[in-house]
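File shown: upload11.cif. Contents: mmCIF, C-alpha atoms.
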data_query
loop_
_atom_site.label_atom_id
_atom_site.label_comp_id
_atom_site.auth_asym_id
_atom_site.auth_seq_id
_atom_site.Cartn_x
_atom_site.Cartn_y
_atom_site.Cartn_z
CA MET L 1 2.79 1.03 14.21
CA LYS L 2 5.40 -0.12 11.72
CA ILE L 3 3.77 -1.68 8.66
CA GLY L 4 5.47 -3.51 5.81
CA ILE L 5 3.73 -4.05 2.47
CA LEU L 6 4.85 -7.03 0.39
CA THR L 7 4.16 -6.32 -3.28
CA SER L 8 5.40 -8.63 -6.02
CA SER L 9 3.49 -7.52 -9.11
CA ARG L 10 1.47 -4.79 -10.82
CA ALA L 11 -1.70 -6.70 -9.85
CA ASP L 12 -1.30 -6.74 -6.08
CA TYR L 13 0.07 -3.18 -5.96
CA GLY L 14 -3.05 -1.92 -7.71
CA ILE L 15 -5.26 -3.70 -5.18
CA TYR L 16 -3.31 -2.30 -2.23
CA LEU L 17 -3.54 1.33 -3.39
CA PRO L 18 -6.71 2.47 -1.54
CA LEU L 19 -5.17 1.21 1.71
CA LEU L 20 -1.70 2.59 0.98
CA GLU L 21 -3.11 6.06 0.34
CA LYS L 22 -4.67 6.10 3.81
CA LEU L 23 -1.74 4.49 5.65
CA LYS L 24 0.67 6.98 4.11
CA VAL L 25 -1.07 10.03 5.60
CA ASP L 26 -2.00 8.54 9.00
CA SER L 27 0.63 9.42 11.63
CA TYR L 28 -0.26 6.27 13.58
CA PHE L 29 1.52 4.20 10.93
CA ASN L 30 5.14 4.00 9.77
CA LEU L 31 4.83 2.55 6.26
CA GLU L 32 7.51 0.71 4.26
CA ILE L 33 7.10 -0.86 0.83
CA ILE L 34 8.85 -4.18 0.14
CA ALA L 35 8.96 -4.56 -3.66
CA PHE L 36 10.11 -7.75 -5.37
CA GLY L 37 9.02 -10.21 -8.07
CA THR L 38 8.05 -8.77 -11.45
CA HIS L 39 8.32 -5.20 -10.14
CA LEU L 40 12.07 -5.55 -10.72
CA SER L 41 11.76 -7.38 -14.07
CA ARG L 42 12.35 -5.38 -17.22
CA ASN L 43 10.58 -8.15 -19.16
CA HIS L 44 7.39 -7.32 -17.27
CA GLY L 45 7.41 -3.52 -17.47
CA TYR L 46 9.78 -2.77 -14.55
CA THR L 47 6.82 -1.53 -12.49
CA ILE L 48 9.01 -0.46 -9.58
CA THR L 49 8.98 2.94 -11.33
CA GLU L 50 5.23 3.17 -10.69
CA ILE L 51 5.82 2.62 -6.97
CA GLU L 52 8.63 5.19 -6.95
CA ARG L 53 6.32 7.80 -8.49
CA ASP L 54 3.98 7.39 -5.52
CA THR L 55 6.69 8.78 -3.19
CA TYR L 56 6.93 6.46 -0.20
CA SER L 57 9.55 7.30 2.40
CA VAL L 58 11.02 3.77 2.33
CA ILE L 59 11.00 1.33 -0.60
CA HIS L 60 12.96 -1.90 -0.25
CA ARG L 61 13.92 -3.65 -3.51
CA ILE L 62 14.57 -7.39 -3.59
CA THR L 63 15.46 -9.05 -6.89
CA SER L 64 14.85 -12.79 -6.98
CA LEU L 65 13.23 -13.92 -10.25
CA ILE L 66 15.15 -15.63 -13.03
CA SER L 67 14.23 -15.06 -16.65
CA ASN L 68 12.98 -18.50 -17.70
CA ASP L 69 9.44 -19.63 -16.86
CA ASP L 70 9.47 -23.42 -17.10
CA GLU L 71 8.73 -25.52 -14.02
CA GLN L 72 12.37 -25.73 -12.92
CA ALA L 73 12.84 -21.97 -13.28
CA ILE L 74 9.74 -21.23 -11.19
CA ALA L 75 10.92 -23.63 -8.47
CA THR L 76 14.39 -22.04 -8.56
CA SER L 77 12.89 -18.55 -8.31
CA TYR L 78 10.83 -19.70 -5.33
CA GLY L 79 13.96 -20.94 -3.58
CA LEU L 80 15.94 -17.81 -4.44
CA THR L 81 13.13 -15.58 -3.16
CA THR L 82 13.09 -17.52 0.12
CA LEU L 83 16.87 -17.09 0.48
CA LYS L 84 16.72 -13.35 -0.23
CA PHE L 85 13.93 -12.88 2.29
CA ALA L 86 15.77 -14.91 4.93
CA ASP L 87 18.36 -12.12 4.86
CA PHE L 88 15.69 -9.42 4.73
CA TRP L 89 13.69 -10.67 7.74
CA ALA L 90 16.92 -11.09 9.70
CA ASN L 91 17.62 -7.39 9.31
CA ASN L 92 14.15 -5.79 9.25
CA THR L 93 11.36 -6.01 11.82
CA TYR L 94 7.73 -4.88 11.66
CA ASP L 95 4.66 -4.86 13.85
CA LEU L 96 2.73 -6.28 10.91
CA VAL L 97 3.45 -7.14 7.27
CA PHE L 98 0.73 -7.21 4.62
CA CYS L 99 0.70 -9.90 1.97
CA LEU L 100 -1.88 -10.41 -0.74
CA GLY L 101 -3.31 -13.17 -2.84
CA ASP L 102 -1.63 -16.26 -4.15
CA ARG L 103 1.51 -15.63 -6.20
CA PHE L 104 4.35 -18.15 -5.86
CA GLU L 105 6.88 -15.44 -5.04
CA MET L 106 4.53 -14.00 -2.40
CA SER L 107 4.34 -17.46 -0.83
CA ALA L 108 8.14 -17.73 -0.84
CA ALA L 109 8.60 -14.36 0.89
CA VAL L 110 6.06 -15.29 3.55
CA GLN L 111 7.51 -18.79 4.07
CA ALA L 112 10.89 -17.22 4.86
CA GLY L 113 9.29 -15.21 7.65
CA ILE L 114 8.16 -18.24 9.66
CA PRO L 115 11.37 -18.77 11.71
CA PHE L 116 11.53 -15.03 12.44
CA GLY L 117 7.99 -14.91 13.83
CA VAL L 118 6.90 -12.26 11.34
CA LYS L 119 3.23 -11.34 11.81
CA PHE L 120 1.48 -11.30 8.44
CA ALA L 121 -1.89 -9.83 7.45
CA HIS L 122 -3.33 -11.64 4.42
CA LEU L 123 -5.74 -10.10 1.91
CA HIS L 124 -7.92 -12.29 -0.35
CA GLY L 125 -7.55 -15.54 1.54
CA GLY L 126 -10.16 -18.28 1.37
CA GLU L 127 -10.67 -17.99 -2.38
CA THR L 128 -10.47 -20.87 -4.82
CA THR L 129 -8.83 -20.99 -8.26
CA LEU L 130 -8.82 -24.63 -9.29
CA GLY L 131 -7.06 -24.00 -12.60
CA ALA L 132 -3.99 -22.46 -11.02
CA ILE L 133 -1.35 -23.82 -8.69
CA ASP L 134 -1.74 -20.46 -6.93
CA ASN L 135 -4.56 -22.11 -4.99
CA ILE L 136 -1.91 -23.99 -3.00
CA TYR L 137 0.21 -20.90 -2.43
CA ARG L 138 -2.83 -18.94 -1.19
CA HIS L 139 -3.63 -21.52 1.46
CA GLN L 140 0.03 -21.67 2.54
CA ILE L 141 -0.04 -17.92 3.11
CA THR L 142 -3.31 -18.19 5.04
CA LEU L 143 -1.88 -20.79 7.41
CA ILE L 144 1.10 -18.59 8.20
CA SER L 145 -0.80 -15.31 8.66
CA THR L 146 -2.03 -13.75 11.89
CA LEU L 147 -4.68 -11.37 10.49
CA HIS L 148 -7.04 -12.22 7.65
CA PHE L 149 -9.05 -9.80 5.51
CA SER L 150 -11.41 -11.73 3.24
CA ALA L 151 -13.46 -10.36 0.35
CA THR L 152 -16.75 -12.16 1.06
CA LYS L 153 -18.52 -13.97 3.89
CA ILE L 154 -17.99 -17.33 2.17
CA PHE L 155 -14.22 -16.74 1.98
CA LYS L 156 -14.16 -15.69 5.63
CA GLU L 157 -15.73 -19.02 6.52
CA LYS L 158 -13.17 -20.90 4.41
CA VAL L 159 -10.29 -19.13 6.14
CA SER L 160 -11.78 -19.87 9.56
CA ASN L 161 -12.13 -23.54 8.66
CA LEU L 162 -8.56 -23.66 7.37
CA ILE L 163 -6.96 -22.09 10.44
CA GLU L 164 -9.52 -23.70 12.80
CA THR L 165 -10.60 -20.46 14.48
CA GLU L 166 -12.69 -17.36 13.70
CA GLU L 167 -10.32 -15.14 15.66
CA ASN L 168 -8.69 -12.34 13.64
CA VAL L 169 -10.67 -13.22 10.48
CA PHE L 170 -12.61 -10.29 9.00
CA ASN L 171 -14.90 -9.96 5.98
CA VAL L 172 -14.12 -6.49 4.63
CA GLY L 173 -14.84 -6.80 0.88
CA SER L 174 -12.41 -6.43 -2.00
CA LEU L 175 -9.94 -3.61 -1.38
CA SER L 176 -9.48 -2.90 -5.09
CA LEU L 177 -13.13 -1.75 -5.31
CA ASP L 178 -12.73 0.86 -2.58
CA ASN L 179 -13.64 4.40 -3.68
CA LEU L 180 -14.89 3.26 -7.09
CA SER L 181 -17.98 5.42 -6.62
CA SER L 182 -15.70 8.46 -6.96
CA PHE L 183 -13.43 6.98 -9.65
CA GLU L 184 -12.78 9.29 -12.59
CA PRO L 185 -11.18 7.63 -15.62
CA VAL L 186 -8.26 9.10 -17.48
CA LYS L 187 -9.54 11.12 -20.42
CA LYS L 188 -10.21 8.75 -23.28
CA GLU L 189 -8.05 10.60 -25.81
CA VAL L 190 -5.15 10.75 -23.32
CA LEU L 191 -5.36 7.04 -22.51
CA PHE L 192 -5.49 6.04 -26.16
CA LYS L 193 -2.62 8.34 -27.14
CA ASN L 194 -0.37 7.19 -24.27
CA PHE L 195 -0.78 3.51 -25.14
CA GLY L 196 -1.10 3.71 -28.92
CA ILE L 197 -4.73 2.58 -29.01
CA PRO L 198 -7.03 3.84 -31.78
CA ASN L 199 -10.24 5.63 -30.83
CA ASP L 200 -12.56 2.71 -31.59
CA GLU L 201 -14.52 0.14 -29.61
CA PHE L 202 -12.31 -2.55 -28.09
CA ALA L 203 -12.25 -5.69 -25.98
CA LEU L 204 -9.85 -5.72 -23.02
CA VAL L 205 -7.98 -9.03 -22.89
CA THR L 206 -5.73 -10.71 -20.32
CA PHE L 207 -4.64 -14.36 -20.43
CA HIS L 208 -2.38 -16.25 -18.04
CA PRO L 209 -1.28 -19.90 -18.13
CA GLU L 210 -3.24 -22.61 -16.37
CA THR L 211 -0.46 -23.76 -14.11
CA VAL L 212 -2.21 -26.90 -12.88
CA THR L 213 -2.30 -28.30 -16.42
CA SER L 214 0.92 -26.79 -17.76
CA THR L 215 1.40 -29.45 -20.45
CA LYS L 216 -1.80 -28.27 -22.15
CA ASN L 217 -0.81 -24.64 -22.29
CA ILE L 218 0.45 -24.83 -25.87
CA ASP L 219 -3.00 -26.00 -27.00
CA TYR L 220 -4.71 -23.39 -24.83
CA ALA L 221 -2.52 -20.59 -26.17
CA ASN L 222 -3.26 -21.67 -29.74
CA ALA L 223 -6.99 -21.68 -29.02
CA MET L 224 -6.67 -18.21 -27.49
CA ARG L 225 -4.89 -16.84 -30.58
CA SER L 226 -7.36 -18.46 -32.96
CA ALA L 227 -10.35 -17.03 -31.09
CA LEU L 228 -8.87 -13.55 -30.76
CA PHE L 229 -8.00 -13.55 -34.46
CA GLU L 230 -11.69 -14.05 -35.33
CA ILE L 231 -12.93 -11.63 -32.68
CA SER L 232 -10.52 -8.93 -33.88
CA LYS L 233 -12.32 -8.89 -37.23
CA THR L 234 -15.31 -7.26 -35.54
CA ILE L 235 -13.79 -5.34 -32.60
CA ASN L 236 -10.30 -4.12 -31.71
CA ILE L 237 -8.35 -6.15 -29.15
CA VAL L 238 -6.27 -4.52 -26.39
CA ILE L 239 -4.14 -7.12 -24.59
CA THR L 240 -2.36 -6.71 -21.27
CA MET L 241 0.57 -9.10 -21.27
CA PRO L 242 0.84 -12.20 -19.03
CA ASN L 243 2.48 -12.13 -15.63
CA ALA L 244 5.44 -14.29 -14.56
CA ASP L 245 3.79 -17.72 -14.35
CA THR L 246 4.91 -21.18 -15.40
CA LEU L 247 4.98 -21.16 -19.24
CA GLY L 248 3.75 -17.59 -19.46
CA SER L 249 6.10 -17.13 -22.43
CA VAL L 250 3.99 -19.61 -24.43
CA TYR L 251 1.10 -17.14 -24.27
CA ARG L 252 3.36 -14.18 -24.94
CA ASP L 253 4.64 -15.85 -28.11
CA GLU L 254 1.11 -16.51 -29.38
CA ILE L 255 0.02 -12.96 -28.55
CA ILE L 256 2.96 -11.55 -30.52
CA LYS L 257 2.03 -13.81 -33.46
CA LEU L 258 -1.51 -12.47 -33.28
CA LYS L 259 -0.21 -8.90 -33.27
CA ASN L 260 1.83 -9.65 -36.40
CA GLU L 261 -1.22 -11.19 -38.07
CA MET L 262 -3.58 -8.32 -37.18
CA PRO L 263 -1.33 -5.30 -36.59
CA ASN L 264 -4.12 -2.75 -37.06
CA ARG L 265 -6.64 -4.55 -34.84
CA VAL L 266 -4.55 -5.90 -31.96
CA PHE L 267 -2.69 -3.67 -29.47
CA LEU L 268 -0.34 -4.84 -26.72
CA VAL L 269 0.26 -3.18 -23.34
CA GLU L 270 2.90 -4.51 -20.94
CA ASN L 271 1.60 -2.59 -17.93
CA PHE L 272 -1.22 -0.06 -17.64
CA GLY L 273 -0.94 0.74 -13.95
CA LYS L 274 -4.13 0.66 -11.87
CA LYS L 275 -5.77 3.93 -12.90
CA ASN L 276 -5.06 3.40 -16.59
CA TYR L 277 -6.20 -0.24 -16.39
CA PHE L 278 -9.44 0.74 -14.65
CA SER L 279 -9.88 3.46 -17.27
CA ALA L 280 -9.34 0.91 -20.04
CA MET L 281 -11.96 -1.31 -18.38
CA TYR L 282 -14.32 1.67 -18.17
CA PHE L 283 -13.96 2.44 -21.89
CA SER L 284 -13.94 -1.18 -23.09
CA LYS L 285 -16.99 -3.06 -24.37
CA ILE L 286 -16.12 -6.42 -22.79
CA LEU L 287 -13.37 -8.31 -20.93
CA ILE L 288 -11.95 -11.57 -22.25
CA GLY L 289 -9.44 -13.92 -20.60
CA ASN L 290 -8.82 -15.72 -17.35
CA THR L 291 -7.61 -13.01 -14.99
CA SER L 292 -8.99 -12.24 -11.54
CA SER L 293 -9.86 -8.66 -12.52
CA GLY L 294 -12.67 -10.01 -14.67
CA ILE L 295 -14.08 -11.78 -11.65
CA LEU L 296 -13.43 -9.14 -8.98
CA GLU L 297 -13.76 -5.76 -10.65
CA ALA L 298 -15.47 -5.86 -14.06
CA ALA L 299 -18.99 -5.96 -12.60
CA SER L 300 -18.39 -2.60 -10.90
CA PHE L 301 -17.63 -1.08 -14.32
CA GLY L 302 -20.76 -2.55 -15.91
CA ARG L 303 -18.80 -4.95 -18.09
CA TYR L 304 -19.58 -8.50 -19.09
CA VAL L 305 -16.71 -10.98 -18.98
CA VAL L 306 -15.91 -14.06 -21.02
CA ASN L 307 -13.91 -16.12 -18.54
CA VAL L 308 -11.92 -18.82 -20.32
CA GLY L 309 -10.78 -22.16 -18.91
CA ASN L 310 -10.35 -23.29 -15.31
CA ARG L 311 -7.86 -20.80 -13.89
CA GLN L 312 -10.60 -18.96 -11.98
CA LYS L 313 -12.81 -22.02 -11.46
CA GLY L 314 -14.20 -22.17 -7.93
CA ARG L 315 -14.02 -18.41 -7.36
CA LEU L 316 -17.30 -16.71 -6.44
CA GLN L 317 -18.73 -14.85 -9.46
CA SER L 318 -21.22 -12.10 -10.16
CA PRO L 319 -23.85 -12.67 -12.89
CA ASN L 320 -21.79 -10.77 -15.48
CA VAL L 321 -19.45 -13.71 -16.13
CA PHE L 322 -19.74 -16.17 -19.06
CA ASN L 323 -17.62 -19.28 -18.49
CA VAL L 324 -16.24 -21.15 -21.51
CA PRO L 325 -13.49 -23.74 -22.11
CA PHE L 326 -10.31 -23.11 -24.09
CA GLU L 327 -12.09 -23.83 -27.36
CA SER L 328 -11.85 -21.22 -30.09
CA SER L 329 -15.41 -21.32 -31.45
CA GLN L 330 -16.98 -21.30 -27.97
CA ILE L 331 -14.89 -18.29 -26.95
CA SER L 332 -15.95 -16.39 -30.07
CA GLU L 333 -19.61 -17.34 -29.61
CA ALA L 334 -19.62 -16.25 -25.96
CA VAL L 335 -18.06 -12.91 -26.89
CA SER L 336 -20.78 -12.30 -29.51
CA THR L 337 -23.48 -13.13 -26.95
CA ALA L 338 -21.96 -10.92 -24.27
CA LEU L 339 -21.49 -7.98 -26.65
CA SER L 340 -25.15 -8.20 -27.65
CA LYS L 341 -26.16 -7.57 -24.02
CA GLY L 342 -24.54 -4.14 -23.81
CA ASP L 343 -23.68 -2.96 -20.30
CA TYR L 344 -24.08 -5.03 -17.14
CA HIS L 345 -26.33 -3.49 -14.47
CA GLY L 346 -26.27 -6.09 -11.67
CA GLU L 347 -24.42 -6.40 -8.39
CA ASN L 348 -20.76 -7.06 -7.64
CA VAL L 349 -20.61 -9.74 -4.94
CA TYR L 350 -17.14 -8.53 -3.88
CA TYR L 351 -18.10 -4.94 -3.08
CA LYS L 352 -18.37 -3.58 0.44
CA LYS L 353 -18.31 0.13 1.24
CA GLY L 354 -15.26 1.51 3.06
CA THR L 355 -12.97 -1.53 2.91
CA ALA L 356 -9.75 0.41 3.58
CA ASP L 357 -11.30 2.26 6.54
CA LYS L 358 -12.47 -1.05 8.03
CA ILE L 359 -8.94 -2.47 7.75
CA ILE L 360 -7.37 0.59 9.39
CA LYS L 361 -9.85 0.44 12.28
CA ILE L 362 -8.96 -3.21 12.84
CA LEU L 363 -5.23 -2.44 12.68
CA LYS L 364 -5.53 0.25 15.36
CA GLY L 365 -7.15 -2.27 17.68
CA PHE L 366 -4.65 -5.03 16.93
CA LYS L 367 -2.22 -6.06 19.63
#

Show how you would write the structure in this file as structure tokens.
Amino acid sequence: MKIGILTSSRADYGIYLPLLEKLKVDSYFNLEIIAFGTHLSRNHGYTITEIERDTYSVIHRITSLISNDDEQAIATSYGLTTLKFADFWANNTYDLVFCLGDRFEMSAAVQAGIPFGVKFAHLHGGETTLGAIDNIYRHQITLISTLHFSATKIFKEKVSNLIETEENVFNVGSLSLDNLSSFEPVKKEVLFKNFGIPNDEFALVTFHPETVTSTKNIDYANAMRSALFEISKTINIVITMPNADTLGSVYRDEIIKLKNEMPNRVFLVENFGKKNYFSAMYFSKILIGNTSSGILEAASFGRYVVNVGNRQKGRLQSPNVFNVPFESSQISEAVSTALSKGDYHGENVYYKKGTADKIIKILKGFK
């Protein structure tokens, strides 16, 4: 069975990994990686090198993003991605192509496959993120896809309602949580040395723009910097840099200002890679920001999360999440409260045992 894997960013590649490791060694499958988006962007860590280190027999590389990140640039990148993939689908055929999540460039690649009758398998459909335009892209991908692997029962029901059938819709859990019971973090001293982080307690921080309300992002980014400035007085801040979203550079600029203001308390990482990021989560005291990893994965590491703004609004949450608006004092107060609670010991609503194995079993029965 010839399988293509569409991966456009460090985030989706990390989620795919438990499945990729099994597909790669199973002779039933002929696996090809289709890398595009920020993987090929030197401004976002050029994470294609991470994929290359994992030694796949075939890695396709498709460059389609332009450097600016205003609304016109994002729309242009969408169109360019569609054009590039029109050529790609004309010359490459698969039994099934995996796509994941809700990125605009992922939507563009999938849209281009419609006239070619490409069969897509979508991971993480049915979810809701009201503070991000990605919500629209996710549903577009769902409507195009043939197979659906949702992370919870509720999301399975949403997908079924959207496509008006329960056929080929499966609740398998979140793939990124697969094998966490056997996860061994990178040694603390190695992680800190490799990324220039001092051996002290730290908060792990990731902020992205709220693309639905892009005109407010300047105010939001200022509130983020102000809050992190105060928080950094009591605990070190390790920030993973924003992805390629509309006005992501606004947040980057404020983060760099913060680093200049608190050079010995704030530390910036362009790209950890999955194992290093999970290790950083493991060693951190708390997560702060508006990224999906705080919603999906932090609970499995026993970490509380201060989730800021509306980007993740509507997404199912475990009890470890504190929700606050983009208001500096409320962010700081929520962080203090969360830190006082220590480790989180409750459930993760996204976890199901053996997600990758469930997907592979379904694939082998797919016609």

### Query
Just how far from atom CA of Val238 of chain L is atom CA of Gly101 of chain L, in Å to one decimal?
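Going from atom CA of Gly101 of chain L over to atom CA of Val238 of chain L, I get 25.3 Å.
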
### Task
Could you expand the PyMOL selection byres ((chain L and resi 292) around 10) into the explicit residues it covers here, written as a PyMOL selection string?
chain L and resi 11+129+206+289-291+293-298+307+311-312+315

### Task
Find the residues around segment 186-202 of chain L up to 12 Å (only C-alpha atoms counted), leave out those fewer than 4 positions away in its own chain, and share them as a VMD selection string.
chain L and resid 228 231 to 240 263 to 288 335 339

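Across the model, the gap from atom CA of Ala221 of chain L to atom CA of Ser77 of chain L is 23.7 Å.
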
### Gap from atom CA of Gly79 of chain L to atom CA of Ser9 of chain L - Å, one decimal
17.9 Å

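Applied to this file, the PyMOL selection byres ((chain L and resi 172) around 7) selects the residues Phe149, Ser150, Ala151, Phe170, Asn171, Gly173, Ser174, Lys352, Thr355 and Lys358 of chain L.
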
### Query
Written as a PyMOL selection string, which residues does the PyMOL selection byres ((chain L and resi 338) around 9) give for the file shown?
chain L and resi 286+304-306+320-322+333-337+339-342

### Query
So, counting all atoms listed in the file, which residue among L:Met1, L:Leu177, L:Ile256, L:Leu100 is closest to Phe29 of chain L?
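Distance minimum relative to Phe29 of chain L lands on L:Met1.
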
As a PDB file with C-alpha atoms, in the coordinates of the input, please: the residues near Thr165 of chain L (cut-off 12 Å, all atoms listed in the file, same-chain neighbours under 3 positions excluded).
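What ended up in selection.pdb:
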ATOM      1  CA  LEU L 143      -1.880 -20.790   7.410  1.00  0.00           C
ATOM      2  CA  THR L 146      -2.030 -13.750  11.890  1.00  0.00           C
ATOM      3  CA  LEU L 147      -4.680 -11.370  10.490  1.00  0.00           C
ATOM      4  CA  HIS L 148      -7.040 -12.220   7.650  1.00  0.00           C
ATOM      5  CA  LYS L 156     -14.160 -15.690   5.630  1.00  0.00           C
ATOM      6  CA  GLU L 157     -15.730 -19.020   6.520  1.00  0.00           C
ATOM      7  CA  LYS L 158     -13.170 -20.900   4.410  1.00  0.00           C
ATOM      8  CA  VAL L 159     -10.290 -19.130   6.140  1.00  0.00           C
ATOM      9  CA  SER L 160     -11.780 -19.870   9.560  1.00  0.00           C
ATOM     10  CA  ASN L 161     -12.130 -23.540   8.660  1.00  0.00           C
ATOM     11  CA  LEU L 162      -8.560 -23.660   7.370  1.00  0.00           C
ATOM     12  CA  ASN L 168      -8.690 -12.340  13.640  1.00  0.00           C
ATOM     13  CA  VAL L 169     -10.670 -13.220  10.480  1.00  0.00           C
ATOM     14  CA  PHE L 170     -12.610 -10.290   9.000  1.00  0.00           C
TER      15      PHE L 170
END

### Task
May I ask which of the residues L:Ala108, L:Ile154, L:Leu316, L:Cys99 is the closest one to Ser64 of chain L, counting all atoms listed in the file?
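Of all the options, L:Ala108 lies closest to Ser64 of chain L.
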
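Each of L:Tyr56, L:Phe326, L:Phe36, L:Tyr13 was checked against Pro209 of chain L using all atoms listed in the file; the smallest atom-to-atom distance is that of L:Phe326.
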
### Task
Rank nothing, just name the residue among L:Thr47, L:Lys2, L:Glu230, L:Ser182 nearest to Asp26 of chain L, using all atoms listed in the file.
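When distances to Asp26 of chain L are compared using all atoms listed in the file, the smallest one comes from L:Lys2.
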
### Task
Please check which residues have atoms at most 12 Å from (16.2, -2.1, -0.6) in the file's coordinates, counting all atoms listed in the file, and write them as a list in words.
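Here is the list of nearby residues: Glu32, Ile33, Ile34, Ala35, Phe36, Leu40, Ile48, Ser57, Val58, Ile59, His60, Arg61, Ile62, Thr63, Lys84, Phe85, Asp87, Phe88, Asn91 and Asn92 of chain L.
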
### Task
Rank nothing, just name the residue among L:Ser332, L:Asn243, L:Ser107, L:Thr93 nearest to Arg138 of chain L, using all atoms listed in the file.
L:Ser107

### Query
If you count only C-alpha atoms, which residues fall within 8 Å of Phe98 of chain L, apart from same-chain ones fewer than 4 positions away, as number ranges by chain?
L: 3-6, 120-123

### Query
Which residues, written as a ChimeraX atom specification, have at least one atom at most 9 Å from Ala109 of chain L, with all atoms listed in the file counted and residues fewer than 4 positions away on the same chain left out?
/L:6,78,81-86,104-105,113

### Message
Please list as a list in words every residue within 7 Å of Pro242 of chain L, counting all atoms listed in the file and excluding residues in the same chain fewer than 2 positions away.
### Response
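In the requested form, the answer reads Thr206, Phe207, His208, Thr240, Ala244, Gly248 and Arg252 of chain L.
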
As JSON, please report the centre and edge lengths, rounded to one decimal in Å, of the axis-aligned box that holds all listed atoms of segment 209-226 of chain L with 6 Å of padding on each of the six sides.
{"center_x": -3.0, "center_y": -23.1, "center_z": -22.9, "size_x": 20.8, "size_y": 24.6, "size_z": 32.1}

If I only have part of segment 231-236 of chain L, can you fill in all heavy atoms and write it as a PDB file, keeping the file's coordinate frame?
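The resulting file, result_23.pdb, is shown below:
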ATOM      1  N   ILE L 231     -12.264 -12.716 -33.388  1.00  0.00           N
ATOM      2  CA  ILE L 231     -12.930 -11.630 -32.680  1.00  0.00           C
ATOM      3  C   ILE L 231     -12.419 -10.274 -33.159  1.00  0.00           C
ATOM      4  O   ILE L 231     -13.170  -9.305 -33.271  1.00  0.00           O
ATOM      5  CB  ILE L 231     -12.726 -11.787 -31.156  1.00  0.00           C
ATOM      6  CG1 ILE L 231     -13.435 -13.056 -30.661  1.00  0.00           C
ATOM      7  CG2 ILE L 231     -13.226 -10.564 -30.394  1.00  0.00           C
ATOM      8  CD1 ILE L 231     -13.000 -13.497 -29.282  1.00  0.00           C
ATOM      9  N   SER L 232     -11.119 -10.206 -33.464  1.00  0.00           N
ATOM     10  CA  SER L 232     -10.520  -8.930 -33.880  1.00  0.00           C
ATOM     11  C   SER L 232     -11.043  -8.449 -35.229  1.00  0.00           C
ATOM     12  O   SER L 232     -10.827  -7.288 -35.588  1.00  0.00           O
ATOM     13  CB  SER L 232      -8.988  -9.049 -33.922  1.00  0.00           C
ATOM     14  OG  SER L 232      -8.565  -9.877 -34.991  1.00  0.00           O
ATOM     15  N   LYS L 233     -11.727  -9.312 -35.961  1.00  0.00           N
ATOM     16  CA  LYS L 233     -12.320  -8.890 -37.230  1.00  0.00           C
ATOM     17  C   LYS L 233     -13.521  -7.982 -37.023  1.00  0.00           C
ATOM     18  O   LYS L 233     -13.906  -7.236 -37.925  1.00  0.00           O
ATOM     19  CB  LYS L 233     -12.732 -10.115 -38.049  1.00  0.00           C
ATOM     20  CG  LYS L 233     -11.561 -10.977 -38.523  1.00  0.00           C
ATOM     21  CD  LYS L 233     -12.049 -12.211 -39.254  1.00  0.00           C
ATOM     22  CE  LYS L 233     -10.888 -13.094 -39.705  1.00  0.00           C
ATOM     23  NZ  LYS L 233     -11.359 -14.341 -40.387  1.00  0.00           N
ATOM     24  N   THR L 234     -14.113  -8.051 -35.818  1.00  0.00           N
ATOM     25  CA  THR L 234     -15.310  -7.260 -35.540  1.00  0.00           C
ATOM     26  C   THR L 234     -15.096  -6.184 -34.476  1.00  0.00           C
ATOM     27  O   THR L 234     -15.865  -5.234 -34.392  1.00  0.00           O
ATOM     28  CB  THR L 234     -16.464  -8.174 -35.080  1.00  0.00           C
ATOM     29  OG1 THR L 234     -16.065  -8.898 -33.916  1.00  0.00           O
ATOM     30  CG2 THR L 234     -16.827  -9.160 -36.186  1.00  0.00           C
ATOM     31  N   ILE L 235     -14.069  -6.334 -33.647  1.00  0.00           N
ATOM     32  CA  ILE L 235     -13.790  -5.340 -32.600  1.00  0.00           C
ATOM     33  C   ILE L 235     -12.290  -5.355 -32.313  1.00  0.00           C
ATOM     34  O   ILE L 235     -11.654  -6.410 -32.368  1.00  0.00           O
ATOM     35  CB  ILE L 235     -14.598  -5.649 -31.319  1.00  0.00           C
ATOM     36  CG1 ILE L 235     -14.452  -4.509 -30.297  1.00  0.00           C
ATOM     37  CG2 ILE L 235     -14.197  -6.984 -30.709  1.00  0.00           C
ATOM     38  CD1 ILE L 235     -15.403  -4.650 -29.100  1.00  0.00           C
ATOM     39  N   ASN L 236     -11.721  -4.187 -32.032  1.00  0.00           N
ATOM     40  CA  ASN L 236     -10.300  -4.120 -31.710  1.00  0.00           C
ATOM     41  C   ASN L 236     -10.013  -4.888 -30.406  1.00  0.00           C
ATOM     42  O   ASN L 236     -10.867  -5.008 -29.528  1.00  0.00           O
ATOM     43  CB  ASN L 236      -9.848  -2.672 -31.539  1.00  0.00           C
ATOM     44  CG  ASN L 236      -9.651  -1.979 -32.874  1.00  0.00           C
ATOM     45  OD1 ASN L 236      -9.642  -2.610 -33.926  1.00  0.00           O
ATOM     46  ND2 ASN L 236      -9.485  -0.661 -32.839  1.00  0.00           N
TER      47      ASN L 236
END
